[in-house]
$ cat run34.csv   # CSV, C-alpha atoms and all ligand atoms
chain,number,residue,atom,x,y,z
Y,1,MET,CA,125.3,-80.7,-26.8
Y,2,ALA,CA,125.9,-77.1,-25.9
Y,3,VAL,CA,127.5,-74.1,-27.6
Y,4,LEU,CA,129.9,-72.0,-25.4
Y,5,VAL,CA,129.6,-68.3,-26.2
Y,6,THR,CA,132.5,-66.1,-24.9
Y,7,GLY,CA,131.5,-62.5,-24.5
Y,8,GLY,CA,127.9,-63.5,-24.7
Y,9,ALA,CA,126.8,-60.5,-22.5
Y,10,GLY,CA,128.1,-58.0,-25.0
Y,11,TYR,CA,126.2,-56.3,-27.8
Y,12,ILE,CA,126.6,-58.8,-30.7
Y,13,GLY,CA,127.2,-61.7,-28.4
Y,14,SER,CA,123.9,-61.3,-26.5
Y,15,HIS,CA,121.9,-61.0,-29.8
Y,16,THR,CA,123.6,-64.2,-31.0
Y,17,VAL,CA,122.7,-66.0,-27.8
Y,18,LEU,CA,119.1,-64.9,-28.2
Y,19,HIS,CA,119.0,-66.2,-31.8
Y,20,LEU,CA,120.8,-69.5,-30.9
Y,21,LYS,CA,118.2,-70.2,-28.2
Y,22,ALA,CA,115.4,-69.4,-30.6
Y,23,GLN,CA,116.8,-72.1,-32.9
Y,24,GLY,CA,116.7,-74.6,-30.0
Y,25,GLU,CA,120.4,-74.6,-29.2
Y,26,GLU,CA,121.7,-75.1,-25.6
Y,27,VAL,CA,123.9,-72.1,-24.8
Y,28,ILE,CA,126.5,-71.4,-22.1
Y,29,VAL,CA,128.0,-67.9,-21.7
Y,30,LEU,CA,131.4,-67.0,-20.4
Y,31,ASP,CA,131.8,-63.2,-19.9
Y,32,ASN,CA,133.9,-61.1,-17.4
Y,33,LEU,CA,131.2,-58.4,-17.5
Y,34,GLU,CA,133.8,-55.6,-18.0
Y,35,LYS,CA,131.9,-54.3,-21.0
Y,36,GLY,CA,128.9,-56.7,-21.1
Y,37,HIS,CA,125.7,-56.6,-19.1
Y,38,ARG,CA,124.2,-59.2,-16.9
Y,39,ASP,CA,120.7,-58.1,-17.9
Y,40,ALA,CA,121.5,-58.8,-21.6
Y,41,LEU,CA,121.9,-62.5,-20.7
Y,42,LEU,CA,118.2,-62.9,-19.8
Y,43,ASP,CA,118.1,-66.4,-18.3
Y,44,THR,CA,121.1,-68.0,-20.0
Y,45,THR,CA,123.5,-70.3,-18.1
Y,46,PHE,CA,126.4,-68.0,-17.2
Y,47,TYR,CA,130.0,-68.2,-15.9
Y,48,LYS,CA,131.6,-64.9,-14.9
Y,49,GLY,CA,135.3,-65.0,-15.6
Y,50,ASP,CA,138.2,-64.4,-17.8
Y,51,LEU,CA,139.4,-66.3,-20.9
Y,52,ARG,CA,142.9,-66.4,-19.4
Y,53,ASP,CA,141.6,-68.4,-16.4
Y,54,ASP,CA,142.7,-71.9,-17.4
Y,55,LEU,CA,141.1,-73.5,-14.4
Y,56,LEU,CA,137.7,-71.9,-15.1
Y,57,LEU,CA,137.9,-73.0,-18.8
Y,58,ASP,CA,138.7,-76.6,-17.6
Y,59,GLU,CA,135.7,-76.5,-15.3
Y,60,ILE,CA,133.4,-75.2,-18.1
Y,61,PHE,CA,134.6,-77.9,-20.6
Y,62,ASN,CA,134.6,-80.7,-18.0
Y,63,THR,CA,131.1,-80.0,-16.6
Y,64,ASN,CA,129.2,-79.1,-19.8
Y,65,ASN,CA,128.8,-81.1,-22.9
Y,66,ILE,CA,130.3,-78.5,-25.2
Y,67,ASP,CA,130.4,-79.2,-28.9
Y,68,ALA,CA,131.5,-75.8,-30.3
Y,69,VAL,CA,132.6,-72.3,-29.3
Y,70,ILE,CA,131.5,-68.9,-30.6
Y,71,HIS,CA,134.2,-66.5,-29.5
Y,72,PHE,CA,133.2,-62.8,-29.1
Y,73,ALA,CA,135.1,-61.8,-25.9
Y,74,ALA,CA,137.5,-59.0,-26.8
Y,75,ASN,CA,138.2,-55.3,-26.5
Y,76,SER,CA,136.8,-53.7,-29.6
Y,77,LEU,CA,137.3,-50.0,-29.9
Y,78,VAL,CA,139.6,-48.8,-32.7
Y,79,GLY,CA,140.6,-45.5,-31.0
Y,80,GLU,CA,141.2,-47.1,-27.6
Y,81,SER,CA,143.4,-49.8,-29.2
Y,82,VAL,CA,145.7,-47.1,-30.5
Y,83,GLU,CA,146.1,-45.7,-27.0
Y,84,LYS,CA,146.4,-49.1,-25.3
Y,85,PRO,CA,148.0,-51.6,-27.6
Y,86,LEU,CA,149.3,-53.7,-24.7
Y,87,GLU,CA,145.8,-54.1,-23.3
Y,88,TYR,CA,144.5,-55.1,-26.7
Y,89,TYR,CA,147.1,-57.7,-27.4
Y,90,GLU,CA,146.8,-59.1,-23.8
Y,91,ASN,CA,143.0,-59.4,-23.8
Y,92,ASN,CA,142.4,-60.3,-27.4
Y,93,VAL,CA,145.4,-62.3,-28.6
Y,94,ILE,CA,146.6,-63.9,-25.3
Y,95,GLY,CA,142.9,-64.4,-24.2
Y,96,SER,CA,142.2,-66.2,-27.5
Y,97,HIS,CA,145.4,-68.2,-27.2
Y,98,HIS,CA,144.2,-69.6,-23.8
Y,99,LEU,CA,140.8,-70.4,-25.2
Y,100,ILE,CA,142.2,-72.2,-28.3
Y,101,LYS,CA,144.7,-74.1,-26.2
Y,102,LYS,CA,142.0,-75.4,-23.9
Y,103,MET,CA,139.7,-76.3,-26.8
Y,104,VAL,CA,142.5,-78.4,-28.3
Y,105,GLU,CA,143.2,-80.0,-24.9
Y,106,HIS,CA,139.5,-80.9,-24.4
Y,107,GLY,CA,139.0,-82.1,-28.0
Y,108,ILE,CA,136.6,-79.4,-29.1
Y,109,ASN,CA,137.2,-78.8,-32.8
Y,110,LYS,CA,134.7,-76.1,-34.0
Y,111,ILE,CA,134.9,-72.4,-33.4
Y,112,VAL,CA,133.1,-69.4,-34.9
Y,113,PHE,CA,135.3,-66.3,-34.5
Y,114,SER,CA,134.1,-62.7,-34.3
Y,115,SER,CA,136.4,-60.8,-36.7
Y,116,THR,CA,136.1,-57.4,-38.3
Y,117,ALA,CA,136.3,-55.2,-41.4
Y,118,ALA,CA,139.2,-53.5,-39.5
Y,119,THR,CA,141.4,-56.4,-40.7
Y,120,TYR,CA,141.4,-54.8,-44.2
Y,121,GLY,CA,142.7,-51.4,-43.2
Y,122,ASN,CA,142.3,-48.9,-46.1
Y,123,PRO,CA,140.6,-51.0,-48.8
Y,124,THR,CA,142.1,-51.3,-52.2
Y,125,ARG,CA,138.6,-51.6,-53.8
Y,126,VAL,CA,135.0,-51.6,-52.7
Y,127,PRO,CA,133.0,-53.7,-52.3
Y,128,ILE,CA,135.7,-55.5,-50.3
Y,129,GLN,CA,136.2,-59.2,-50.9
Y,130,GLU,CA,137.7,-61.7,-48.5
Y,131,GLU,CA,140.9,-62.2,-50.5
Y,132,ASP,CA,141.7,-58.5,-50.6
Y,133,PRO,CA,144.9,-57.3,-48.8
Y,134,THR,CA,144.7,-57.3,-45.0
Y,135,ILE,CA,146.8,-54.4,-43.7
Y,136,PRO,CA,145.1,-53.1,-40.5
Y,137,THR,CA,145.7,-49.5,-39.5
Y,138,ASN,CA,145.1,-50.0,-35.8
Y,139,PRO,CA,146.0,-52.5,-33.1
Y,140,TYR,CA,142.4,-53.7,-32.8
Y,141,GLY,CA,142.3,-54.9,-36.4
Y,142,ASP,CA,145.8,-56.3,-36.0
Y,143,THR,CA,144.8,-58.4,-32.9
Y,144,LYS,CA,141.8,-59.8,-34.8
Y,145,LEU,CA,143.9,-60.7,-37.8
Y,146,ALA,CA,146.5,-62.4,-35.5
Y,147,ILE,CA,143.8,-64.6,-34.1
Y,148,GLU,CA,142.5,-65.4,-37.5
Y,149,LYS,CA,146.0,-66.5,-38.5
Y,150,LEU,CA,146.4,-68.6,-35.3
Y,151,LEU,CA,143.1,-70.3,-36.1
Y,152,GLN,CA,144.3,-71.1,-39.7
Y,153,TRP,CA,147.5,-72.7,-38.3
Y,154,ALA,CA,145.5,-74.6,-35.6
Y,155,ASP,CA,143.4,-76.1,-38.4
Y,156,GLY,CA,146.4,-77.7,-40.0
Y,157,ALA,CA,148.1,-78.7,-36.7
Y,158,TYR,CA,145.2,-79.8,-34.5
Y,159,GLY,CA,142.2,-80.2,-36.9
Y,160,LEU,CA,140.4,-77.2,-35.2
Y,161,LYS,CA,137.9,-76.0,-37.8
Y,162,SER,CA,137.0,-72.3,-37.7
Y,163,VAL,CA,134.7,-69.8,-39.4
Y,164,CYS,CA,135.9,-66.2,-39.1
Y,165,LEU,CA,133.2,-63.6,-39.6
Y,166,ARG,CA,134.4,-60.1,-40.6
Y,167,TYR,CA,131.6,-57.8,-39.6
Y,168,PHE,CA,131.1,-54.4,-41.1
Y,169,ASN,CA,129.1,-51.8,-39.0
Y,170,ALA,CA,126.8,-53.7,-36.6
Y,171,ALA,CA,123.7,-51.7,-35.6
Y,172,GLY,CA,120.1,-52.1,-34.6
Y,173,ALA,CA,118.6,-54.1,-31.8
Y,174,ASP,CA,116.3,-57.1,-31.1
Y,175,PRO,CA,113.1,-56.2,-33.0
Y,176,GLU,CA,111.1,-57.4,-29.9
Y,177,GLY,CA,113.0,-54.9,-27.7
Y,178,ARG,CA,114.3,-57.4,-25.2
Y,179,ILE,CA,117.9,-56.4,-25.6
Y,180,GLY,CA,119.9,-53.7,-27.4
Y,181,GLU,CA,123.1,-51.7,-27.5
Y,182,ASP,CA,124.7,-50.1,-24.4
Y,183,HIS,CA,128.3,-49.1,-24.5
Y,184,THR,CA,130.0,-46.8,-22.0
Y,185,PRO,CA,131.3,-44.5,-23.3
Y,186,GLU,CA,129.4,-44.7,-26.6
Y,187,SER,CA,131.5,-44.2,-29.7
Y,188,HIS,CA,129.3,-45.7,-32.5
Y,189,LEU,CA,127.5,-43.3,-34.8
Y,190,ILE,CA,123.9,-44.6,-34.6
Y,191,PRO,CA,123.5,-44.7,-30.8
Y,192,ILE,CA,125.2,-41.3,-30.6
Y,193,VAL,CA,122.7,-39.8,-33.0
Y,194,LEU,CA,119.9,-41.4,-31.1
Y,195,GLN,CA,121.2,-40.0,-27.8
Y,196,ALA,CA,121.0,-36.6,-29.5
Y,197,ALA,CA,117.4,-37.4,-30.5
Y,198,LEU,CA,116.7,-38.2,-26.8
Y,199,GLY,CA,118.2,-34.8,-25.7
Y,200,GLN,CA,121.1,-36.5,-24.0
Y,201,ARG,CA,123.5,-34.7,-26.3
Y,202,ASP,CA,123.3,-31.2,-27.7
Y,203,ASN,CA,124.4,-32.3,-31.2
Y,204,VAL,CA,126.3,-34.9,-33.2
Y,205,SER,CA,129.8,-34.2,-34.4
Y,206,ILE,CA,130.4,-35.2,-38.0
Y,207,PHE,CA,134.0,-36.3,-38.1
Y,208,GLY,CA,135.1,-34.8,-41.4
Y,209,ASP,CA,133.1,-33.5,-44.4
Y,210,ASP,CA,135.9,-33.3,-46.9
Y,211,TYR,CA,136.2,-37.0,-47.8
Y,212,PRO,CA,136.1,-38.0,-51.5
Y,213,THR,CA,132.5,-39.0,-51.2
Y,214,GLU,CA,129.3,-37.4,-52.7
Y,215,ASP,CA,128.5,-35.4,-49.5
Y,216,GLY,CA,132.0,-35.4,-48.1
Y,217,THR,CA,131.3,-37.7,-45.2
Y,218,CYS,CA,132.4,-41.3,-44.5
Y,219,ILE,CA,130.4,-44.1,-46.0
Y,220,ARG,CA,129.8,-47.4,-44.1
Y,221,ASP,CA,127.9,-50.6,-44.6
Y,222,TYR,CA,125.5,-50.9,-41.7
Y,223,ILE,CA,124.3,-54.4,-40.9
Y,224,HIS,CA,121.5,-55.4,-38.4
Y,225,VAL,CA,122.8,-57.1,-35.3
Y,226,LEU,CA,120.3,-59.9,-35.6
Y,227,ASP,CA,121.4,-60.6,-39.2
Y,228,LEU,CA,125.0,-61.0,-37.8
Y,229,ALA,CA,123.5,-63.3,-35.1
Y,230,ALA,CA,121.9,-65.5,-37.8
Y,231,ALA,CA,125.2,-65.8,-39.6
Y,232,HIS,CA,126.8,-67.3,-36.5
Y,233,TYR,CA,124.2,-70.0,-36.4
Y,234,LEU,CA,124.6,-70.7,-40.1
Y,235,ALA,CA,128.4,-70.8,-39.6
Y,236,LEU,CA,128.0,-73.5,-36.9
Y,237,ARG,CA,125.8,-75.5,-39.3
Y,238,LYS,CA,128.4,-75.2,-42.0
Y,239,LEU,CA,131.1,-76.4,-39.7
Y,240,ASN,CA,128.9,-79.4,-38.7
Y,241,ASN,CA,128.1,-80.2,-42.3
Y,242,THR,CA,131.3,-79.6,-44.1
Y,243,ARG,CA,134.1,-79.6,-41.4
Y,244,LYS,CA,135.7,-76.9,-43.5
Y,245,SER,CA,137.3,-73.6,-42.3
Y,246,GLY,CA,136.5,-70.3,-43.9
Y,247,ILE,CA,136.5,-66.5,-43.7
Y,248,TYR,CA,133.4,-64.4,-44.6
Y,249,ASN,CA,132.5,-60.7,-44.8
Y,250,LEU,CA,129.1,-59.8,-43.3
Y,251,GLY,CA,127.5,-56.6,-44.6
Y,252,ASN,CA,124.6,-55.5,-46.7
Y,253,GLY,CA,126.7,-54.4,-49.6
Y,254,THR,CA,125.2,-50.9,-49.5
Y,255,GLY,CA,126.9,-47.8,-48.1
Y,256,PHE,CA,125.4,-44.9,-46.2
Y,257,SER,CA,127.2,-41.6,-45.4
Y,258,VAL,CA,127.3,-40.1,-42.0
Y,259,LYS,CA,124.9,-37.4,-43.2
Y,260,GLN,CA,122.5,-40.0,-44.6
Y,261,VAL,CA,122.5,-41.8,-41.3
Y,262,ILE,CA,121.7,-38.6,-39.4
Y,263,ASP,CA,118.9,-37.8,-41.9
Y,264,THR,CA,117.4,-41.3,-41.6
Y,265,CYS,CA,117.5,-40.9,-37.8
Y,266,ARG,CA,115.7,-37.6,-38.1
Y,267,ARG,CA,113.0,-39.3,-40.2
Y,268,VAL,CA,112.6,-42.4,-38.0
Y,269,THR,CA,112.6,-40.5,-34.6
Y,270,GLU,CA,110.7,-37.4,-35.9
Y,271,LYS,CA,113.1,-35.4,-33.6
Y,272,THR,CA,115.2,-32.4,-34.3
Y,273,ILE,CA,118.9,-33.6,-34.3
Y,274,ALA,CA,121.5,-30.9,-34.5
Y,275,SER,CA,124.8,-31.7,-36.1
Y,276,LYS,CA,128.1,-29.9,-36.6
Y,277,THR,CA,131.2,-30.5,-38.6
Y,278,ALA,CA,134.2,-31.6,-36.6
Y,279,PRO,CA,137.8,-32.6,-37.6
Y,280,ARG,CA,138.4,-36.0,-39.1
Y,281,ARG,CA,138.8,-38.9,-36.7
Y,282,ALA,CA,142.3,-40.5,-37.1
Y,283,GLY,CA,142.3,-43.7,-39.1
Y,284,ASP,CA,138.8,-43.5,-40.6
Y,285,PRO,CA,138.8,-44.9,-44.2
Y,286,ALA,CA,136.5,-42.9,-46.5
Y,287,VAL,CA,134.4,-45.8,-47.7
Y,288,LEU,CA,133.9,-49.4,-46.3
Y,289,ILE,CA,131.4,-51.6,-48.1
Y,290,ALA,CA,131.3,-55.4,-48.0
Y,291,SER,CA,130.9,-57.9,-50.7
Y,292,SER,CA,129.0,-60.7,-48.8
Y,293,SER,CA,128.4,-62.8,-51.8
Y,294,LYS,CA,130.6,-65.6,-50.3
Y,295,ALA,CA,128.5,-65.7,-47.1
Y,296,ARG,CA,125.4,-65.7,-49.2
Y,297,ALA,CA,126.6,-68.6,-51.4
Y,298,GLU,CA,128.4,-70.8,-48.9
Y,299,LEU,CA,126.4,-70.1,-45.7
Y,300,GLY,CA,123.1,-69.5,-47.3
Y,301,TRP,CA,123.0,-66.1,-45.4
Y,302,ILE,CA,120.3,-63.7,-46.4
Y,303,PRO,CA,119.9,-60.5,-44.3
Y,304,LYS,CA,116.4,-60.2,-43.0
Y,305,TYR,CA,116.5,-56.5,-42.1
Y,306,PRO,CA,118.6,-55.0,-44.8
Y,307,THR,CA,117.3,-51.4,-44.9
Y,308,LEU,CA,118.8,-48.6,-42.8
Y,309,GLU,CA,115.2,-47.5,-41.8
Y,310,GLU,CA,114.6,-51.0,-40.2
Y,311,ILE,CA,118.0,-51.0,-38.5
Y,312,ILE,CA,117.4,-47.5,-37.0
Y,313,THR,CA,113.8,-48.2,-36.1
Y,314,HIS,CA,114.8,-51.2,-34.0
Y,315,ALA,CA,117.7,-49.2,-32.4
Y,316,TRP,CA,115.3,-46.3,-31.6
Y,317,ASN,CA,112.8,-48.7,-30.1
Y,318,TRP,CA,115.5,-49.9,-27.7
Y,319,HIS,CA,117.1,-46.5,-26.9
Y,320,SER,CA,113.8,-44.7,-26.4
Y,321,LYS,CA,112.6,-47.3,-24.0
Y,322,HIS,CA,116.0,-47.7,-22.2
Y,323,PRO,CA,117.4,-44.2,-22.4
Y,324,ASP,CA,120.0,-45.1,-19.7
Y,325,GLY,CA,120.7,-48.6,-21.1
Y,326,TYR,CA,120.7,-51.7,-18.9
Y,327,ASN,CA,120.2,-51.5,-15.2
Y,328,ASP,CA,123.0,-54.1,-14.6
D,401,LIG,N1,131.2,-40.8,-36.7
D,401,LIG,C1,130.9,-39.5,-36.6
D,401,LIG,N2,130.5,-39.0,-35.4
D,401,LIG,C2,130.4,-39.7,-34.3
D,401,LIG,C3,130.7,-41.1,-34.4
D,401,LIG,C4,131.1,-41.6,-35.6
D,401,LIG,O1,131.0,-38.8,-37.6
D,401,LIG,O2,130.1,-39.2,-33.3
D,401,LIG,C5,131.5,-41.4,-38.0
D,401,LIG,C6,132.9,-42.1,-38.0
D,401,LIG,O3,133.9,-41.1,-38.2
D,401,LIG,C7,132.7,-43.1,-39.1
D,401,LIG,C8,131.2,-43.5,-39.1
D,401,LIG,O4,130.6,-42.4,-38.3
D,401,LIG,O5,132.9,-42.5,-40.4
D,401,LIG,C9,131.0,-44.8,-38.3
D,401,LIG,O6,131.7,-44.7,-37.1
D,401,LIG,P1,131.5,-45.8,-36.0
D,401,LIG,O7,132.4,-45.4,-34.8
D,401,LIG,O8,130.0,-46.1,-35.7
D,401,LIG,O9,132.0,-47.2,-36.7
D,401,LIG,P2,133.4,-47.5,-37.4
D,401,LIG,O10,133.2,-47.5,-38.8
D,401,LIG,O11,134.5,-46.5,-36.9
D,401,LIG,O12,133.8,-48.9,-36.7
D,401,LIG,C10,133.1,-50.0,-37.0
D,401,LIG,C11,133.1,-51.0,-35.8
D,401,LIG,C12,134.5,-51.4,-35.4
D,401,LIG,C13,135.2,-51.9,-36.6
D,401,LIG,C14,135.2,-51.0,-37.8
D,401,LIG,C15,135.8,-51.6,-39.0
D,401,LIG,O13,132.5,-50.3,-34.7
D,401,LIG,O14,134.5,-52.3,-34.4
D,401,LIG,O15,133.8,-50.6,-38.1
D,401,LIG,O16,136.4,-50.6,-39.7
D,401,LIG,F1,136.5,-52.2,-36.3

$ encode --input "run34.csv" --output "structure tokens" --more "lines below"
Ligand code: UFG
Amino acid sequence: MAVLVTGGAGYIGSHTVLHLKAQGEEVIVLDNLEKGHRDALLDTTFYKGDLRDDLLLDEIFNTNNIDAVIHFAANSLVGESVEKPLEYYENNVIGSHHLIKKMVEHGINKIVFSSTAATYGNPTRVPIQEEDPTIPTNPYGDTKLAIEKLLQWADGAYGLKSVCLRYFNAAGADPEGRIGEDHTPESHLIPIVLQAALGQRDNVSIFGDDYPTEDGTCIRDYIHVLDLAAAHYLALRKLNNTRKSGIYNLGNGTGFSVKQVIDTCRRVTEKTIASKTAPRRAGDPAVLIASSSKARAELGWIPKYPTLEEIITHAWNWHSKHPDGYND
């Protein structure tokens, strides 16, 4: 039996594929390579195409013995989603609708869905728990929440069991350096700071230093991408064992400010990294920290690389050896 991974050539998808294969799972990837990288797939069975291509989905489900789906394929930039909501609803919500419809038609009844902390919007408390209000402040978070809701209704109507994983700030890279993070353009804090360490940027802009936090900069919960990957495997196991749907936060439960991240990058890289204060970025909550006690209790998830030093060390290992990212 195989697992279909949509968006398996992307950052979190490709690390999950690596982890699944290390656990002995047979993996098939579907990716349109708009954002993903062929080189991130290593030697995985691969279909190039779009989620909205019903004929391609039929072919994949008819010719492979697929038991479950892990669904990453999506547009995932908060700022871009505010500028292009039509594109985000089209790719994320309509794309997922096609996938779920075809899963139901082909009798595939397990899915692990890549969701986000952006479903919460401005948190009412930290650490955030799964039952807290979900009021997204951008189309990206709204599309992910819409898909979570469709999955909940599909459980009742068709018996499709789902685990939705709400990631906090994914970071780091494969500790063995085989794959890593490569977005164009890059918008995430840690790769941007490491680009400055490599001399590819003059400095790092700190988006706001007047937030109600100790040093005035935003606090986030950074989680190693391989710890996220491991949670997907555990989620599949839970679906196999319990046949019960659920929603889980994935974070370390510890927050670091933008300034703390930059300082840790300076220590790890031993490079001079210049920073300057810039205006706040629209829509940034001051503090986002996960409570992942539900994932720990119900999935048996224990992050293996919980320190910011380890996360940044693995990211630096990748970026310093691949300063221009993937070739393909
Ligand atoms: N930041 C800077 N300068 C930069 C880049 C980022 O100061 O050049 C700050 C941001 O303002 C924010 C923090 O660094 O305070 C982290 O920013 P990222 O862009 O790395 O991550 P976000 O917290 O904005 O977004 C992440 C995921 C999204 C997800 C969101 C949930 O990347 O996919 O968390 O809130 F939706």

$ residues_near_point --input "run34.csv" --point "(130.3, -60.6, -47.2)" --cutoff "7 Å" --atoms "only C-alpha atoms" --output "list of chain:residue names"
Y:Tyr248, Y:Asn249, Y:Leu250, Y:Gly251, Y:Ala290, Y:Ser291, Y:Ser292, Y:Ser293, Y:Lys294, Y:Ala295

$ atom_distance --input "run34.csv" --atom1 "CA of Leu99 (chain Y)" --atom2 "CA of Ser162 (chain Y)"
13.2 Å

$ atom_distance --input "run34.csv" --atom1 "CA of Val104 (chain Y)" --atom2 "CA of Tyr158 (chain Y)"
6.9 Å

$ closest_residue --input "run34.csv" --among "Y:Lys102, Y:Arg38, Y:His188, Y:His97" --to "Phe61 (chain Y)" --atoms "only C-alpha atoms"
Y:Lys102

$ residues_near_ligand --input "run34.csv" --ligand "ligand LIG 401 (chain D)" --cutoff "7 Å" --atoms "all atoms listed in the file" --output "NGL selection string"
:Y and (76-78 or 116-118 or 141 or 168-170 or 187-190 or 192 or 204-208 or 217-220 or 258 or 280-281 or 284)

$ atom_distance --input "run34.csv" --atom1 "CA of Val287 (chain Y)" --atom2 "CA of Ile262 (chain Y)"
16.8 Å

$ residues_near_point --input "run34.csv" --point "(141.5, -52.0, -29.2)" --cutoff "10 Å" --atoms "all atoms listed in the file" --output "VMD selection string"
chain Y and resid 74 to 89 91 to 92 138 to 144

$ write_last_selection --input "run34.csv" --atoms "C-alpha atoms" --output "compact mmCIF listing (two decimals), keeping the file's coordinate frame"
# COMPACT_ATOMS: atom_id res chain seq x y z
CA ALA Y 74 137.50 -59.00 -26.80
CA ASN Y 75 138.20 -55.30 -26.50
CA SER Y 76 136.80 -53.70 -29.60
CA LEU Y 77 137.30 -50.00 -29.90
CA VAL Y 78 139.60 -48.80 -32.70
CA GLY Y 79 140.60 -45.50 -31.00
CA GLU Y 80 141.20 -47.10 -27.60
CA SER Y 81 143.40 -49.80 -29.20
CA VAL Y 82 145.70 -47.10 -30.50
CA GLU Y 83 146.10 -45.70 -27.00
CA LYS Y 84 146.40 -49.10 -25.30
CA PRO Y 85 148.00 -51.60 -27.60
CA LEU Y 86 149.30 -53.70 -24.70
CA GLU Y 87 145.80 -54.10 -23.30
CA TYR Y 88 144.50 -55.10 -26.70
CA TYR Y 89 147.10 -57.70 -27.40
CA ASN Y 91 143.00 -59.40 -23.80
CA ASN Y 92 142.40 -60.30 -27.40
CA ASN Y 138 145.10 -50.00 -35.80
CA PRO Y 139 146.00 -52.50 -33.10
CA TYR Y 140 142.40 -53.70 -32.80
CA GLY Y 141 142.30 -54.90 -36.40
CA ASP Y 142 145.80 -56.30 -36.00
CA THR Y 143 144.80 -58.40 -32.90
CA LYS Y 144 141.80 -59.80 -34.80

$ closest_residue --input "run34.csv" --among "Y:Ile12, Y:Leu41, Y:Ala157, Y:Ile100" --to "Ser115 (chain Y)" --atoms "all atoms listed in the file"
Y:Ile12

$ residues_around --input "run34.csv" --residues "Cys164 (chain Y)" --least-positions-apart "2" --cutoff "6 Å" --atoms "all atoms listed in the file" --output "PyMOL selection string"
chain Y and resi 112-113+115+247

$ residues_around --input "run34.csv" --residues "Asp227 (chain Y)" --least-positions-apart "3" --cutoff "12 Å" --atoms "all atoms listed in the file" --output "compact mmCIF listing (two decimals) with C-alpha atoms, in the coordinates of the input"
# COMPACT_ATOMS: atom_id res chain seq x y z
CA ILE Y 12 126.60 -58.80 -30.70
CA HIS Y 15 121.90 -61.00 -29.80
CA THR Y 16 123.60 -64.20 -31.00
CA HIS Y 19 119.00 -66.20 -31.80
CA TYR Y 167 131.60 -57.80 -39.60
CA PHE Y 168 131.10 -54.40 -41.10
CA ASN Y 169 129.10 -51.80 -39.00
CA ALA Y 170 126.80 -53.70 -36.60
CA ALA Y 171 123.70 -51.70 -35.60
CA GLY Y 172 120.10 -52.10 -34.60
CA ALA Y 173 118.60 -54.10 -31.80
CA ASP Y 174 116.30 -57.10 -31.10
CA PRO Y 175 113.10 -56.20 -33.00
CA TYR Y 222 125.50 -50.90 -41.70
CA ILE Y 223 124.30 -54.40 -40.90
CA HIS Y 224 121.50 -55.40 -38.40
CA ALA Y 230 121.90 -65.50 -37.80
CA ALA Y 231 125.20 -65.80 -39.60
CA HIS Y 232 126.80 -67.30 -36.50
CA TYR Y 233 124.20 -70.00 -36.40
CA LEU Y 234 124.60 -70.70 -40.10
CA LEU Y 250 129.10 -59.80 -43.30
CA GLY Y 251 127.50 -56.60 -44.60
CA ASN Y 252 124.60 -55.50 -46.70
CA ALA Y 295 128.50 -65.70 -47.10
CA ARG Y 296 125.40 -65.70 -49.20
CA TRP Y 301 123.00 -66.10 -45.40
CA ILE Y 302 120.30 -63.70 -46.40
CA PRO Y 303 119.90 -60.50 -44.30
CA LYS Y 304 116.40 -60.20 -43.00
CA TYR Y 305 116.50 -56.50 -42.10
CA PRO Y 306 118.60 -55.00 -44.80
CA THR Y 307 117.30 -51.40 -44.90
CA GLU Y 310 114.60 -51.00 -40.20
CA ILE Y 311 118.00 -51.00 -38.50

$ closest_residue --input "run34.csv" --among "Y:Val268, Y:Ile94, Y:Ala2, Y:Ala197" --to "Ala146 (chain Y)" --atoms "only C-alpha atoms"
Y:Ile94
